[in-house]
Amino acid sequence: MEFKTGDRVRLATVPPYFKTAEPVPMLRPPNVVQMGEEGVILGRAPGEVWSVRFARGAYLLDRQYLEMIVD
């Protein structure tokens with residue numbers, strides 16, 4: 001299933017680190033977003049990488065770490 005901007009997603013698996021979705025990205029520790037936390041898709045980066053807004057910031061995540069929330 002392909003994500004679209006504005007879709008709600010859930011962090012299904014915690015990656016080894018998080019990369020911020022900023023002009024100059026920074027690496028953040030894996031505990032900055034908890035497994036199961038919900039976010040909103042902001043857009044797509046090259047490849048299967050998505051920019052996602054969570055409560056504590058926006059991060060770039062591979063598709064494998066995300067699952068769609070279906071109402």
# chains A, B, ... in the order shown; residues from 1 in each chain; ligands from 1
$ residues_around --residues "segment 37-52 of chain A" --least-positions-apart "5" --cutoff "8 Å" --atoms "only C-alpha atoms" --output "number ranges by chain"
A: 3-11, 21, 58-63
$ residues_around --residues "segment 29-33 of chain A" --least-positions-apart "4" --cutoff "7 Å" --atoms "only C-alpha atoms" --output "ChimeraX atom specification"
/A:14-18,37
$ residues_around --residues "Ala12 of chain A" --least-positions-apart "6" --cutoff "10 Å" --atoms "only C-alpha atoms" --output "list in words"
Gln34, Met35, Gly36, Glu37, Glu38, Arg63, Gln64, Tyr65, Leu66, Glu67 and Met68 of chain A
$ write_last_selection --atoms "N, CA and C atoms" --output "compact mmCIF listing (two decimals), in the first residue's frame"
# COMPACT_ATOMS: atom_id res chain seq x y z
N GLN A 34 8.38 6.39 20.32
CA GLN A 34 8.07 5.07 20.87
C GLN A 34 7.34 4.20 19.84
N MET A 35 7.58 2.89 19.90
CA MET A 35 6.87 1.97 19.01
C MET A 35 5.37 2.11 19.25
N GLY A 36 4.61 2.18 18.19
CA GLY A 36 3.16 2.33 18.28
C GLY A 36 2.70 3.78 18.22
N GLU A 37 3.64 4.73 18.31
CA GLU A 37 3.27 6.15 18.25
C GLU A 37 2.74 6.48 16.86
N GLU A 38 1.71 7.33 16.83
CA GLU A 38 1.09 7.72 15.57
C GLU A 38 1.66 9.02 15.04
N ARG A 63 10.02 2.79 4.66
CA ARG A 63 8.66 2.22 4.63
C ARG A 63 8.53 1.03 5.58
N GLN A 64 9.58 0.25 5.75
CA GLN A 64 9.51 -0.97 6.56
C GLN A 64 9.19 -0.70 8.03
N TYR A 65 9.41 0.52 8.50
CA TYR A 65 9.16 0.86 9.91
C TYR A 65 7.75 1.39 10.16
N LEU A 66 6.96 1.57 9.10
CA LEU A 66 5.65 2.22 9.22
C LEU A 66 4.52 1.30 8.82
N GLU A 67 3.36 1.52 9.45
CA GLU A 67 2.14 0.84 9.02
C GLU A 67 1.01 1.87 8.96
N MET A 68 0.14 1.69 7.98
CA MET A 68 -0.99 2.60 7.77
C MET A 68 -2.02 2.40 8.87
$ select_by_dssp --residues "segment 19-69 of chain A" --states "strand (DSSP E or B)" --output "list in words"
Lys19, Thr20, Leu27, Arg28, Glu38, Gly39, Val40, Ile41, Leu42, Gly43, Arg44, Ala45, Val49, Trp50, Ser51, Val52, Arg53, Phe54, Gly57, Ala58, Tyr59, Leu60, Leu61, Asp62, Leu66, Glu67 and Met68 of chain A
$ write_last_selection --atoms "C-alpha atoms" --output "compact mmCIF listing (two decimals), in the first residue's frame"
# COMPACT_ATOMS: atom_id res chain seq x y z
CA LYS A 19 17.11 10.96 11.04
CA THR A 20 15.46 14.37 11.37
CA LEU A 27 20.68 11.54 13.89
CA ARG A 28 18.61 11.05 17.03
CA GLU A 38 1.09 7.72 15.57
CA GLY A 39 2.23 10.32 13.06
CA VAL A 40 1.25 12.01 9.80
CA ILE A 41 2.98 11.62 6.43
CA LEU A 42 4.47 14.96 5.32
CA GLY A 43 5.91 13.72 2.03
CA ARG A 44 8.19 11.28 0.27
CA ALA A 45 11.96 11.39 -0.05
CA VAL A 49 11.75 6.93 2.61
CA TRP A 50 8.94 9.00 4.11
CA SER A 51 8.92 12.22 6.09
CA VAL A 52 6.66 11.72 9.12
CA ARG A 53 5.55 14.25 11.76
CA PHE A 54 5.38 12.76 15.27
CA GLY A 57 9.40 16.26 15.60
CA ALA A 58 9.55 15.20 11.95
CA TYR A 59 11.75 12.28 10.91
CA LEU A 60 12.75 10.41 7.74
CA LEU A 61 11.79 6.74 7.94
CA ASP A 62 11.99 3.76 5.60
CA LEU A 66 5.65 2.22 9.22
CA GLU A 67 2.14 0.84 9.02
CA MET A 68 -0.99 2.60 7.77
